[in-house]
>>> print(open('entry04.pdb').read())   # PDB, C-alpha atoms and all ligand atoms
ATOM      1  CA  MET A   1     -18.735 -13.732   8.090  1.00  0.00           C
ATOM      2  CA  VAL A   2     -20.431 -10.615   9.474  1.00  0.00           C
ATOM      3  CA  GLU A   3     -23.864 -10.743  11.124  1.00  0.00           C
ATOM      4  CA  ILE A   4     -25.645  -7.612  12.279  1.00  0.00           C
ATOM      5  CA  ALA A   5     -29.225  -7.309  13.494  1.00  0.00           C
ATOM      6  CA  HIS A   6     -31.021  -4.125  14.541  1.00  0.00           C
ATOM      7  CA  LEU A   7     -27.908  -2.030  15.076  1.00  0.00           C
ATOM      8  CA  ASN A   8     -28.526   1.527  16.292  1.00  0.00           C
ATOM      9  CA  ILE A   9     -25.666   3.878  17.179  1.00  0.00           C
ATOM     10  CA  PHE A  10     -26.122   7.013  19.228  1.00  0.00           C
ATOM     11  CA  ALA A  11     -23.858  10.037  19.680  1.00  0.00           C
ATOM     12  CA  PRO A  12     -24.535  12.215  22.753  1.00  0.00           C
ATOM     13  CA  LYS A  13     -26.789  14.574  20.770  1.00  0.00           C
ATOM     14  CA  ASN A  14     -27.984  12.554  17.800  1.00  0.00           C
ATOM     15  CA  GLN A  15     -28.429   9.106  16.306  1.00  0.00           C
ATOM     16  CA  ILE A  16     -25.873   8.002  13.684  1.00  0.00           C
ATOM     17  CA  LEU A  17     -27.149   4.560  12.552  1.00  0.00           C
ATOM     18  CA  TYR A  18     -30.788   3.411  12.472  1.00  0.00           C
ATOM     19  CA  ASP A  19     -31.786  -0.263  12.621  1.00  0.00           C
ATOM     20  CA  VAL A  20     -29.055  -1.677  10.356  1.00  0.00           C
ATOM     21  CA  SER A  21     -29.393  -5.424   9.728  1.00  0.00           C
ATOM     22  CA  PHE A  22     -27.485  -7.655   7.311  1.00  0.00           C
ATOM     23  CA  SER A  23     -25.478 -10.813   7.184  1.00  0.00           C
ATOM     24  CA  THR A  24     -22.781 -11.717   4.666  1.00  0.00           C
ATOM     25  CA  GLN A  25     -19.852 -13.965   3.951  1.00  0.00           C
ATOM     26  CA  ALA A  26     -19.112 -12.143   0.684  1.00  0.00           C
ATOM     27  CA  HIS A  27     -16.835  -9.228  -0.146  1.00  0.00           C
ATOM     28  CA  LEU A  28     -19.025  -6.218   0.558  1.00  0.00           C
ATOM     29  CA  ALA A  29     -18.818  -2.610  -0.647  1.00  0.00           C
ATOM     30  CA  ILE A  30     -20.224  -0.030   1.784  1.00  0.00           C
ATOM     31  CA  LEU A  31     -21.369   2.991  -0.209  1.00  0.00           C
ATOM     32  CA  GLY A  32     -23.155   6.226   0.650  1.00  0.00           C
ATOM     33  CA  SER A  33     -22.643   9.954   0.737  1.00  0.00           C
ATOM     34  CA  SER A  34     -20.337  11.707   3.199  1.00  0.00           C
ATOM     35  CA  GLY A  35     -21.641  11.530   6.748  1.00  0.00           C
ATOM     36  CA  SER A  36     -24.054   8.665   6.017  1.00  0.00           C
ATOM     37  CA  GLY A  37     -22.420   6.474   8.682  1.00  0.00           C
ATOM     38  CA  LYS A  38     -20.094   4.153   6.724  1.00  0.00           C
ATOM     39  CA  SER A  39     -17.030   4.536   8.961  1.00  0.00           C
ATOM     40  CA  THR A  40     -19.148   4.352  12.111  1.00  0.00           C
ATOM     41  CA  LEU A  41     -20.641   1.046  10.903  1.00  0.00           C
ATOM     42  CA  ALA A  42     -17.157  -0.291  10.117  1.00  0.00           C
ATOM     43  CA  LYS A  43     -15.800   0.747  13.521  1.00  0.00           C
ATOM     44  CA  ALA A  44     -18.742  -0.952  15.249  1.00  0.00           C
ATOM     45  CA  ILE A  45     -17.949  -4.177  13.349  1.00  0.00           C
ATOM     46  CA  CYS A  46     -14.289  -3.993  14.473  1.00  0.00           C
ATOM     47  CA  GLY A  47     -15.193  -3.092  18.063  1.00  0.00           C
ATOM     48  CA  ILE A  48     -13.335   0.235  17.956  1.00  0.00           C
ATOM     49  CA  LEU A  49     -16.163   2.751  18.412  1.00  0.00           C
ATOM     50  CA  PRO A  50     -15.153   5.744  20.529  1.00  0.00           C
ATOM     51  CA  HIS A  51     -16.491   5.431  24.088  1.00  0.00           C
ATOM     52  CA  HIS A  52     -18.921   8.314  23.783  1.00  0.00           C
ATOM     53  CA  LEU A  53     -20.810   6.526  20.972  1.00  0.00           C
ATOM     54  CA  LYS A  54     -23.292   3.943  22.247  1.00  0.00           C
ATOM     55  CA  ALA A  55     -24.321   0.895  20.224  1.00  0.00           C
ATOM     56  CA  GLN A  56     -27.558  -1.062  20.696  1.00  0.00           C
ATOM     57  CA  TYR A  57     -28.177  -4.260  18.738  1.00  0.00           C
ATOM     58  CA  SER A  58     -29.670  -7.707  18.922  1.00  0.00           C
ATOM     59  CA  LYS A  59     -26.655  -9.186  17.062  1.00  0.00           C
ATOM     60  CA  LEU A  60     -23.204  -7.834  16.181  1.00  0.00           C
ATOM     61  CA  ALA A  61     -20.849 -10.685  15.392  1.00  0.00           C
ATOM     62  CA  THR A  62     -17.969 -11.637  13.120  1.00  0.00           C
ATOM     63  CA  LYS A  63     -16.459 -15.022  12.456  1.00  0.00           C
ATOM     64  CA  GLY A  64     -12.796 -14.340  13.189  1.00  0.00           C
ATOM     65  CA  ARG A  65     -10.969 -11.122  13.897  1.00  0.00           C
ATOM     66  CA  ALA A  66     -12.148  -8.030  11.996  1.00  0.00           C
ATOM     67  CA  SER A  67      -9.443  -5.366  11.533  1.00  0.00           C
ATOM     68  CA  TYR A  68      -9.759  -1.772  10.380  1.00  0.00           C
ATOM     69  CA  VAL A  69      -7.445  -0.363   7.717  1.00  0.00           C
ATOM     70  CA  PHE A  70      -7.541   3.393   8.154  1.00  0.00           C
ATOM     71  CA  GLN A  71      -7.916   5.936   5.396  1.00  0.00           C
ATOM     72  CA  ASP A  72      -5.135   8.070   6.847  1.00  0.00           C
ATOM     73  CA  CYS A  73      -2.845   5.117   7.265  1.00  0.00           C
ATOM     74  CA  ILE A  74       0.429   7.006   7.662  1.00  0.00           C
ATOM     75  CA  SER A  75      -0.746   8.641  10.884  1.00  0.00           C
ATOM     76  CA  CYS A  76      -1.816   5.299  12.372  1.00  0.00           C
ATOM     77  CA  PHE A  77       1.804   4.317  12.901  1.00  0.00           C
ATOM     78  CA  PHE A  78       3.766   5.670  15.839  1.00  0.00           C
ATOM     79  CA  PRO A  79       5.383   8.787  14.313  1.00  0.00           C
ATOM     80  CA  TYR A  80       8.729   8.527  16.129  1.00  0.00           C
ATOM     81  CA  LEU A  81       9.224   4.790  15.668  1.00  0.00           C
ATOM     82  CA  LYS A  82      10.704   3.039  12.678  1.00  0.00           C
ATOM     83  CA  ILE A  83       8.336   0.530  11.054  1.00  0.00           C
ATOM     84  CA  LYS A  84      10.407  -2.374  12.455  1.00  0.00           C
ATOM     85  CA  ASP A  85       9.988  -1.051  16.028  1.00  0.00           C
ATOM     86  CA  THR A  86       6.216  -0.659  15.628  1.00  0.00           C
ATOM     87  CA  PHE A  87       5.969  -4.213  14.291  1.00  0.00           C
ATOM     88  CA  GLN A  88       8.124  -5.563  17.124  1.00  0.00           C
ATOM     89  CA  MET A  89       5.989  -3.794  19.703  1.00  0.00           C
ATOM     90  CA  VAL A  90       2.640  -4.900  18.212  1.00  0.00           C
ATOM     91  CA  LEU A  91       3.472  -8.405  17.000  1.00  0.00           C
ATOM     92  CA  LYS A  92       5.908  -9.607  19.684  1.00  0.00           C
ATOM     93  CA  ASP A  93       6.238 -13.416  19.139  1.00  0.00           C
ATOM     94  CA  ARG A  94       4.287 -13.219  15.897  1.00  0.00           C
ATOM     95  CA  LEU A  95       7.041 -11.145  14.267  1.00  0.00           C
ATOM     96  CA  THR A  96       8.393 -14.372  12.794  1.00  0.00           C
ATOM     97  CA  HIS A  97       5.212 -14.575  10.623  1.00  0.00           C
ATOM     98  CA  ILE A  98       5.874 -11.290   8.871  1.00  0.00           C
ATOM     99  CA  GLN A  99       8.548 -12.140   6.274  1.00  0.00           C
ATOM    100  CA  PRO A 100       6.316 -14.248   3.961  1.00  0.00           C
ATOM    101  CA  ILE A 101       3.504 -11.694   4.321  1.00  0.00           C
ATOM    102  CA  PHE A 102       5.841  -8.860   3.255  1.00  0.00           C
ATOM    103  CA  GLU A 103       6.940 -10.928   0.257  1.00  0.00           C
ATOM    104  CA  ARG A 104       3.349 -11.674  -0.705  1.00  0.00           C
ATOM    105  CA  LEU A 105       2.355  -8.004  -0.486  1.00  0.00           C
ATOM    106  CA  ASN A 106       5.448  -6.850  -2.376  1.00  0.00           C
ATOM    107  CA  ILE A 107       6.791  -4.832   0.547  1.00  0.00           C
ATOM    108  CA  PRO A 108      10.560  -4.365   0.196  1.00  0.00           C
ATOM    109  CA  PRO A 109      12.699  -5.140   3.294  1.00  0.00           C
ATOM    110  CA  LYS A 110      14.073  -1.565   3.307  1.00  0.00           C
ATOM    111  CA  VAL A 111      10.767  -0.285   4.810  1.00  0.00           C
ATOM    112  CA  TRP A 112      11.879  -1.773   8.168  1.00  0.00           C
ATOM    113  CA  GLU A 113      14.275   1.118   8.569  1.00  0.00           C
ATOM    114  CA  LEU A 114      11.820   3.856   7.552  1.00  0.00           C
ATOM    115  CA  TYR A 115       9.729   6.209   9.669  1.00  0.00           C
ATOM    116  CA  PRO A 116       6.009   6.553   8.796  1.00  0.00           C
ATOM    117  CA  TYR A 117       6.452  10.010   7.247  1.00  0.00           C
ATOM    118  CA  GLU A 118       8.875   8.459   4.734  1.00  0.00           C
ATOM    119  CA  LEU A 119       6.216   6.089   3.336  1.00  0.00           C
ATOM    120  CA  SER A 120       4.008   6.708   0.327  1.00  0.00           C
ATOM    121  CA  ARG A 121       0.266   6.300   1.007  1.00  0.00           C
ATOM    122  CA  GLY A 122       0.123   3.180  -1.148  1.00  0.00           C
ATOM    123  CA  MET A 123       3.019   1.583   0.769  1.00  0.00           C
ATOM    124  CA  ALA A 124       1.548   2.617   4.129  1.00  0.00           C
ATOM    125  CA  SER A 125      -1.723   0.851   3.166  1.00  0.00           C
ATOM    126  CA  ARG A 126       0.203  -2.298   2.282  1.00  0.00           C
ATOM    127  CA  ILE A 127       2.107  -2.201   5.571  1.00  0.00           C
ATOM    128  CA  GLN A 128      -1.094  -1.733   7.557  1.00  0.00           C
ATOM    129  CA  ILE A 129      -2.671  -4.674   5.732  1.00  0.00           C
ATOM    130  CA  ALA A 130       0.483  -6.760   6.436  1.00  0.00           C
ATOM    131  CA  LEU A 131       0.255  -5.934  10.141  1.00  0.00           C
ATOM    132  CA  ASN A 132      -3.401  -7.004  10.234  1.00  0.00           C
ATOM    133  CA  LEU A 133      -2.692 -10.244   8.376  1.00  0.00           C
ATOM    134  CA  ALA A 134       0.106 -11.045  10.845  1.00  0.00           C
ATOM    135  CA  LEU A 135      -2.469 -10.513  13.604  1.00  0.00           C
ATOM    136  CA  GLU A 136      -4.556 -13.170  11.800  1.00  0.00           C
ATOM    137  CA  ALA A 137      -7.378 -10.892  10.715  1.00  0.00           C
ATOM    138  CA  LYS A 138     -10.090 -12.843   8.906  1.00  0.00           C
ATOM    139  CA  ILE A 139     -12.012  -9.729   7.830  1.00  0.00           C
ATOM    140  CA  LEU A 140     -10.488  -6.451   6.607  1.00  0.00           C
ATOM    141  CA  LEU A 141     -12.511  -3.221   6.886  1.00  0.00           C
ATOM    142  CA  LEU A 142     -10.851  -1.042   4.271  1.00  0.00           C
ATOM    143  CA  ASP A 143     -11.807   2.607   4.734  1.00  0.00           C
ATOM    144  CA  GLU A 144     -11.129   4.580   1.523  1.00  0.00           C
ATOM    145  CA  VAL A 145      -7.743   2.906   1.098  1.00  0.00           C
ATOM    146  CA  THR A 146      -7.518   3.895  -2.572  1.00  0.00           C
ATOM    147  CA  SER A 147      -8.677   7.502  -2.209  1.00  0.00           C
ATOM    148  CA  SER A 148      -5.974   9.988  -3.212  1.00  0.00           C
ATOM    149  CA  LEU A 149      -3.898   7.248  -4.866  1.00  0.00           C
ATOM    150  CA  ASP A 150      -3.096   7.662  -8.554  1.00  0.00           C
ATOM    151  CA  SER A 151      -4.561   5.150 -10.972  1.00  0.00           C
ATOM    152  CA  ALA A 152      -1.426   2.946 -11.088  1.00  0.00           C
ATOM    153  CA  ASN A 153      -1.308   2.661  -7.278  1.00  0.00           C
ATOM    154  CA  THR A 154      -5.078   2.112  -7.088  1.00  0.00           C
ATOM    155  CA  LYS A 155      -4.709  -0.739  -9.575  1.00  0.00           C
ATOM    156  CA  SER A 156      -1.875  -2.298  -7.615  1.00  0.00           C
ATOM    157  CA  VAL A 157      -3.785  -2.092  -4.278  1.00  0.00           C
ATOM    158  CA  ILE A 158      -6.814  -3.693  -6.001  1.00  0.00           C
ATOM    159  CA  GLU A 159      -4.634  -6.493  -7.392  1.00  0.00           C
ATOM    160  CA  LEU A 160      -3.114  -7.076  -3.979  1.00  0.00           C
ATOM    161  CA  LEU A 161      -6.509  -7.229  -2.254  1.00  0.00           C
ATOM    162  CA  LEU A 162      -7.898  -9.626  -4.863  1.00  0.00           C
ATOM    163  CA  GLN A 163      -5.113 -12.102  -3.999  1.00  0.00           C
ATOM    164  CA  LEU A 164      -6.088 -12.289  -0.334  1.00  0.00           C
ATOM    165  CA  GLU A 165      -8.566 -14.867   0.910  1.00  0.00           C
ATOM    166  CA  THR A 166      -9.557 -12.549   3.782  1.00  0.00           C
ATOM    167  CA  GLN A 167     -13.163 -11.241   3.599  1.00  0.00           C
ATOM    168  CA  ARG A 168     -13.211  -7.587   2.479  1.00  0.00           C
ATOM    169  CA  LEU A 169     -15.614  -4.848   3.556  1.00  0.00           C
ATOM    170  CA  VAL A 170     -14.703  -1.887   1.398  1.00  0.00           C
ATOM    171  CA  ILE A 171     -15.790   1.664   2.187  1.00  0.00           C
ATOM    172  CA  THR A 172     -15.405   3.775  -0.923  1.00  0.00           C
ATOM    173  CA  HIS A 173     -16.808   6.663  -2.925  1.00  0.00           C
ATOM    174  CA  ASP A 174     -15.358   5.081  -6.074  1.00  0.00           C
ATOM    175  CA  GLU A 175     -17.895   2.755  -7.687  1.00  0.00           C
ATOM    176  CA  GLU A 176     -15.260   1.237  -9.991  1.00  0.00           C
ATOM    177  CA  VAL A 177     -13.242   0.178  -6.937  1.00  0.00           C
ATOM    178  CA  ALA A 178     -16.421  -1.237  -5.332  1.00  0.00           C
ATOM    179  CA  TYR A 179     -17.224  -3.180  -8.497  1.00  0.00           C
ATOM    180  CA  ALA A 180     -13.690  -4.582  -8.814  1.00  0.00           C
ATOM    181  CA  LEU A 181     -13.339  -5.661  -5.191  1.00  0.00           C
ATOM    182  CA  CYS A 182     -16.803  -6.728  -4.069  1.00  0.00           C
ATOM    183  CA  GLU A 183     -19.667  -9.111  -4.803  1.00  0.00           C
ATOM    184  CA  GLU A 184     -22.297  -7.386  -2.683  1.00  0.00           C
ATOM    185  CA  VAL A 185     -23.212  -3.773  -1.972  1.00  0.00           C
ATOM    186  CA  LEU A 186     -24.663  -2.058   1.079  1.00  0.00           C
ATOM    187  CA  VAL A 187     -25.786   1.565   0.760  1.00  0.00           C
ATOM    188  CA  LEU A 188     -26.287   3.906   3.707  1.00  0.00           C
ATOM    189  CA  GLU A 189     -28.160   7.201   3.495  1.00  0.00           C
ATOM    190  CA  SER A 190     -28.397   9.380   6.615  1.00  0.00           C
ATOM    191  CA  GLY A 191     -27.666   6.360   8.790  1.00  0.00           C
ATOM    192  CA  ARG A 192     -30.290   4.104   7.194  1.00  0.00           C
ATOM    193  CA  MET A 193     -29.637   1.114   4.958  1.00  0.00           C
ATOM    194  CA  THR A 194     -31.253   1.783   1.587  1.00  0.00           C
ATOM    195  CA  TYR A 195     -29.803  -1.165  -0.387  1.00  0.00           C
ATOM    196  CA  PHE A 196     -28.222  -4.478   0.504  1.00  0.00           C
ATOM    197  CA  GLY A 197     -27.716  -7.193  -2.067  1.00  0.00           C
ATOM    198  CA  ASP A 198     -25.885  -8.459  -5.088  1.00  0.00           C
ATOM    199  CA  LYS A 199     -23.687  -5.894  -6.885  1.00  0.00           C
ATOM    200  CA  MET A 200     -25.362  -6.634 -10.222  1.00  0.00           C
ATOM    201  CA  GLY A 201     -28.687  -5.561  -8.735  1.00  0.00           C
ATOM    202  CA  TYR A 202     -27.088  -2.271  -7.666  1.00  0.00           C
ATOM    203  CA  PHE A 203     -24.966  -1.471 -10.708  1.00  0.00           C
ATOM    204  CA  SER A 204     -27.378  -2.610 -13.439  1.00  0.00           C
TER     205      SER A 204
HETATM  206  N1  LIG A 301     -16.927  10.201  17.204  1.00  0.00           N
HETATM  207  C1  LIG A 301     -18.048  10.811  16.816  1.00  0.00           C
HETATM  208  N2  LIG A 301     -18.764  11.556  17.673  1.00  0.00           N
HETATM  209  C2  LIG A 301     -19.907  12.178  17.287  1.00  0.00           C
HETATM  210  N3  LIG A 301     -20.412  12.090  16.042  1.00  0.00           N
HETATM  211  C3  LIG A 301     -19.727  11.366  15.145  1.00  0.00           C
HETATM  212  C4  LIG A 301     -18.519  10.684  15.486  1.00  0.00           C
HETATM  213  N4  LIG A 301     -18.064  10.030  14.382  1.00  0.00           N
HETATM  214  C5  LIG A 301     -18.937  10.301  13.397  1.00  0.00           C
HETATM  215  N5  LIG A 301     -19.925  11.096  13.857  1.00  0.00           N
HETATM  216  C6  LIG A 301     -21.058  11.605  13.084  1.00  0.00           C
HETATM  217  O1  LIG A 301     -21.720  10.491  12.537  1.00  0.00           O
HETATM  218  C7  LIG A 301     -22.131  10.752  11.206  1.00  0.00           C
HETATM  219  C8  LIG A 301     -21.554   9.677  10.303  1.00  0.00           C
HETATM  220  O2  LIG A 301     -20.137   9.817  10.254  1.00  0.00           O
HETATM  221  P1  LIG A 301     -19.224   8.745   9.501  1.00  0.00           P
HETATM  222  O3  LIG A 301     -17.810   9.216   9.602  1.00  0.00           O
HETATM  223  O4  LIG A 301     -19.539   7.387   9.988  1.00  0.00           O
HETATM  224  O5  LIG A 301     -19.757   8.918   7.995  1.00  0.00           O
HETATM  225  P2  LIG A 301     -19.102   8.421   6.642  1.00  0.00           P
HETATM  226  O6  LIG A 301     -20.239   7.953   5.799  1.00  0.00           O
HETATM  227  O7  LIG A 301     -18.006   7.463   6.907  1.00  0.00           O
HETATM  228  O8  LIG A 301     -18.527   9.779   6.041  1.00  0.00           O
HETATM  229  P3  LIG A 301     -17.296  10.039   5.035  1.00  0.00           P
HETATM  230  O9  LIG A 301     -17.656   9.385   3.726  1.00  0.00           O
HETATM  231  O10 LIG A 301     -17.250  11.529   4.925  1.00  0.00           O
HETATM  232  O11 LIG A 301     -16.059   9.467   5.673  1.00  0.00           O
HETATM  233  C9  LIG A 301     -21.657  12.165  10.874  1.00  0.00           C
HETATM  234  O12 LIG A 301     -22.747  13.033  11.082  1.00  0.00           O
HETATM  235  C10 LIG A 301     -20.574  12.417  11.888  1.00  0.00           C
HETATM  236  O13 LIG A 301     -20.501  13.790  12.216  1.00  0.00           O
END
>>> encode(input="entry04.pdb", output="structure tokens", more="lines below")
Ligand SMILES: Nc1ncnc2c1ncn2[C@@H]1O[C@H](COP(=O)(O)OP(=O)(O)OP(=O)(O)O)[C@@H](O)[C@H]1O
Amino acid sequence: MVEIAHLNIFAPKNQILYDVSFSTQAHLAILGSSGSGKSTLAKAICGILPHHLKAQYSKLATKGRASYVFQDCISCFFPYLKIKDTFQMVLKDRLTHIQPIFERLNIPPKVWELYPYELSRGMASRIQIALNLALEAKILLLDEVTSSLDSANTKSVIELLLQLETQRLVITHDEEVAYALCEEVLVLESGRMTYFGDKMGYFS
């Protein structure tokens, strides 16, 4: 569940989001042209806005932990650590939860021994999702996770995401991906919400 009322976000010299309000328990696609504010909205929801951006709102709440899955997921891992060392460092006692999650996401055990630069983008997305599920994320903010994947990998990431009960907020420029993964659509244009509602109302 995500509830936002009257969210405005300011950079030092300009405003990025203007009076964004919505509330949803559904899987939501966040669409809009480049620079319209999609990633900034997602970062505000996850509480990871850079310090120099200031948020004002009357409500900004999620039910459960909201985690961000980055577009450039290979560079979000520590470059000089093997995947197993990153997981050990981040998960600590929760590392025991990871085996069934890896199996569910079709992540082979050999990735433990790999460095981030040895991962494909599709596998790096899966591993980042696994890490967030082990941290008990209830909402995943997926920022362009299928961009630059070929169609077979896009299909397999979509299939994987459809299996998860976690709420999805999907930032994408690909309307087919939005349609496959989401029930509702939110459109931003120049920082303003221009559509929020059922996907059939948007795509028809
Ligand atoms: N950390 C920041 N500091 C200052 N301005 C920023 C910062 N992050 C984003 N912006 C500005 O906010 C606006 C929205 O950026 P944002 O990345 O949220 O858009 P987006 O819709 O996700 O774009 P894209 O589809 O290209 O990823 C842009 O004008 C961008 O330059």
>>> residues_near_ligand(input="entry04.pdb", ligand="ligand LIG 301 (chain A)", cutoff="7 Å", atoms="all atoms listed in the file", output="list in words")
Ala11, Ile16, Gly32, Ser33, Ser34, Gly35, Ser36, Gly37, Lys38, Ser39, Thr40, Leu41, Pro50, His52 and Leu53 of chain A
>>> residues_near_point(input="entry04.pdb", point="(-20.6, 3.3, 21.7)", cutoff="10 Å", atoms="all atoms listed in the file", output="NGL selection string")
:A and (8-12 or 40 or 43-44 or 47-56)
>>> residues_around(input="entry04.pdb", residues="Asp174 of chain A", least_positions_apart="4", cutoff="9 Å", atoms="all atoms listed in the file", output="PyMOL selection string")
chain A and resi 31+144+146-147+178-179
>>> closest_residue(input="entry04.pdb", among="A:Thr154, A:Asn132, A:Ser75, A:Gln167", to="Phe87 of chain A", atoms="all atoms listed in the file")
A:Asn132
>>> resolve_selection(input="entry04.pdb", expression="the PyMOL selection byres (((chain A and resi 45) around 12) and not hetatm)", output="PyMOL selection string")
chain A and resi 1-5+7+9+20+22-23+38-44+46-49+55+57+59-68+139-142+169
>>> resolve_selection(input="entry04.pdb", expression="the PyMOL selection byres (((chain A and resi 122-125) around 9) and not hetatm)", output="tab-separated table (two decimals) with C-alpha atoms, in the coordinates of the input")
chain	number	residue	atom	x	y	z
A	69	VAL	CA	-7.44	-0.36	7.72
A	70	PHE	CA	-7.54	3.39	8.15
A	71	GLN	CA	-7.92	5.94	5.40
A	72	ASP	CA	-5.14	8.07	6.85
A	73	CYS	CA	-2.84	5.12	7.26
A	74	ILE	CA	0.43	7.01	7.66
A	77	PHE	CA	1.80	4.32	12.90
A	107	ILE	CA	6.79	-4.83	0.55
A	111	VAL	CA	10.77	-0.28	4.81
A	116	PRO	CA	6.01	6.55	8.80
A	119	LEU	CA	6.22	6.09	3.34
A	120	SER	CA	4.01	6.71	0.33
A	121	ARG	CA	0.27	6.30	1.01
A	126	ARG	CA	0.20	-2.30	2.28
A	127	ILE	CA	2.11	-2.20	5.57
A	128	GLN	CA	-1.09	-1.73	7.56
A	129	ILE	CA	-2.67	-4.67	5.73
A	130	ALA	CA	0.48	-6.76	6.44
A	145	VAL	CA	-7.74	2.91	1.10
A	146	THR	CA	-7.52	3.90	-2.57
A	149	LEU	CA	-3.90	7.25	-4.87
A	153	ASN	CA	-1.31	2.66	-7.28
A	154	THR	CA	-5.08	2.11	-7.09
A	156	SER	CA	-1.88	-2.30	-7.62
A	157	VAL	CA	-3.78	-2.09	-4.28
>>> closest_residue(input="entry04.pdb", among="A:Lys199, A:Arg94, A:His173, A:Lys84", to="Glu136 of chain A", atoms="all atoms listed in the file")
A:Arg94
>>> atom_distance(input="entry04.pdb", atom1="atom CA of Pro100 of chain A", atom2="atom CA of Thr172 of chain A")
28.6 Å
>>> decode(input="entry04.pdb", residues="segment 20-79 of chain A", atoms="C-alpha atoms", output="PDB file, in the first residue's frame")
ATOM      1  CA  VAL A  20       1.393  14.583  -6.506  1.00  0.00           C
ATOM      2  CA  SER A  21      -1.390  12.698  -4.704  1.00  0.00           C
ATOM      3  CA  PHE A  22      -2.482   9.073  -5.061  1.00  0.00           C
ATOM      4  CA  SER A  23      -3.120   5.982  -3.047  1.00  0.00           C
ATOM      5  CA  THR A  24      -2.912   2.382  -4.241  1.00  0.00           C
ATOM      6  CA  GLN A  25      -2.619  -1.213  -3.179  1.00  0.00           C
ATOM      7  CA  ALA A  26      -2.370  -2.378  -6.800  1.00  0.00           C
ATOM      8  CA  HIS A  27       0.598  -3.007  -9.073  1.00  0.00           C
ATOM      9  CA  LEU A  28       1.263   0.414 -10.559  1.00  0.00           C
ATOM     10  CA  ALA A  29       3.109   1.478 -13.718  1.00  0.00           C
ATOM     11  CA  ILE A  30       4.757   4.910 -13.527  1.00  0.00           C
ATOM     12  CA  LEU A  31       5.006   6.316 -17.044  1.00  0.00           C
ATOM     13  CA  GLY A  32       6.145   9.622 -18.516  1.00  0.00           C
ATOM     14  CA  SER A  33       8.808  11.119 -20.716  1.00  0.00           C
ATOM     15  CA  SER A  34      12.457  11.425 -19.695  1.00  0.00           C
ATOM     16  CA  GLY A  35      12.953  13.946 -16.915  1.00  0.00           C
ATOM     17  CA  SER A  36       9.273  13.974 -15.904  1.00  0.00           C
ATOM     18  CA  GLY A  37      10.142  12.930 -12.336  1.00  0.00           C
ATOM     19  CA  LYS A  38       9.467   9.166 -12.246  1.00  0.00           C
ATOM     20  CA  SER A  39      12.692   8.136 -10.493  1.00  0.00           C
ATOM     21  CA  THR A  40      12.471  11.067  -8.085  1.00  0.00           C
ATOM     22  CA  LEU A  41       8.940   9.980  -7.100  1.00  0.00           C
ATOM     23  CA  ALA A  42      10.134   6.391  -6.612  1.00  0.00           C
ATOM     24  CA  LYS A  43      13.101   7.482  -4.487  1.00  0.00           C
ATOM     25  CA  ALA A  44      10.805   9.615  -2.317  1.00  0.00           C
ATOM     26  CA  ILE A  45       8.571   6.563  -1.744  1.00  0.00           C
ATOM     27  CA  CYS A  46      11.611   4.479  -0.691  1.00  0.00           C
ATOM     28  CA  GLY A  47      13.053   7.254   1.486  1.00  0.00           C
ATOM     29  CA  ILE A  48      16.294   7.473  -0.510  1.00  0.00           C
ATOM     30  CA  LEU A  49      16.124  11.005  -1.934  1.00  0.00           C
ATOM     31  CA  PRO A  50      19.519  12.716  -2.053  1.00  0.00           C
ATOM     32  CA  HIS A  51      19.912  15.200   0.815  1.00  0.00           C
ATOM     33  CA  HIS A  52      19.917  18.267  -1.399  1.00  0.00           C
ATOM     34  CA  LEU A  53      16.381  17.474  -2.638  1.00  0.00           C
ATOM     35  CA  LYS A  54      13.665  18.622  -0.238  1.00  0.00           C
ATOM     36  CA  ALA A  55      10.264  16.942  -0.013  1.00  0.00           C
ATOM     37  CA  GLN A  56       7.088  18.582   1.311  1.00  0.00           C
ATOM     38  CA  TYR A  57       3.898  16.556   1.712  1.00  0.00           C
ATOM     39  CA  SER A  58       0.862  16.045   3.872  1.00  0.00           C
ATOM     40  CA  LYS A  59       1.206  12.234   3.572  1.00  0.00           C
ATOM     41  CA  LEU A  60       3.983   9.948   2.319  1.00  0.00           C
ATOM     42  CA  ALA A  61       3.492   6.445   3.653  1.00  0.00           C
ATOM     43  CA  THR A  62       3.896   2.801   2.694  1.00  0.00           C
ATOM     44  CA  LYS A  63       2.561  -0.286   4.390  1.00  0.00           C
ATOM     45  CA  GLY A  64       5.745  -2.308   4.829  1.00  0.00           C
ATOM     46  CA  ARG A  65       9.238  -1.741   3.535  1.00  0.00           C
ATOM     47  CA  ALA A  66       9.545  -0.234   0.042  1.00  0.00           C
ATOM     48  CA  SER A  67      12.800  -1.130  -1.755  1.00  0.00           C
ATOM     49  CA  TYR A  68      14.306   0.335  -4.906  1.00  0.00           C
ATOM     50  CA  VAL A  69      15.613  -1.912  -7.677  1.00  0.00           C
ATOM     51  CA  PHE A  70      18.030   0.209  -9.668  1.00  0.00           C
ATOM     52  CA  GLN A  71      18.184   0.456 -13.427  1.00  0.00           C
ATOM     53  CA  ASP A  72      21.964   0.132 -13.394  1.00  0.00           C
ATOM     54  CA  CYS A  73      21.869  -2.814 -11.059  1.00  0.00           C
ATOM     55  CA  ILE A  74      25.390  -4.112 -11.659  1.00  0.00           C
ATOM     56  CA  SER A  75      26.945  -0.946 -10.247  1.00  0.00           C
ATOM     57  CA  CYS A  76      24.802  -1.112  -7.099  1.00  0.00           C
ATOM     58  CA  PHE A  77      26.854  -4.016  -5.793  1.00  0.00           C
ATOM     59  CA  PHE A  78      30.225  -3.432  -4.180  1.00  0.00           C
ATOM     60  CA  PRO A  79      32.582  -3.797  -7.174  1.00  0.00           C
TER      61      PRO A  79
END
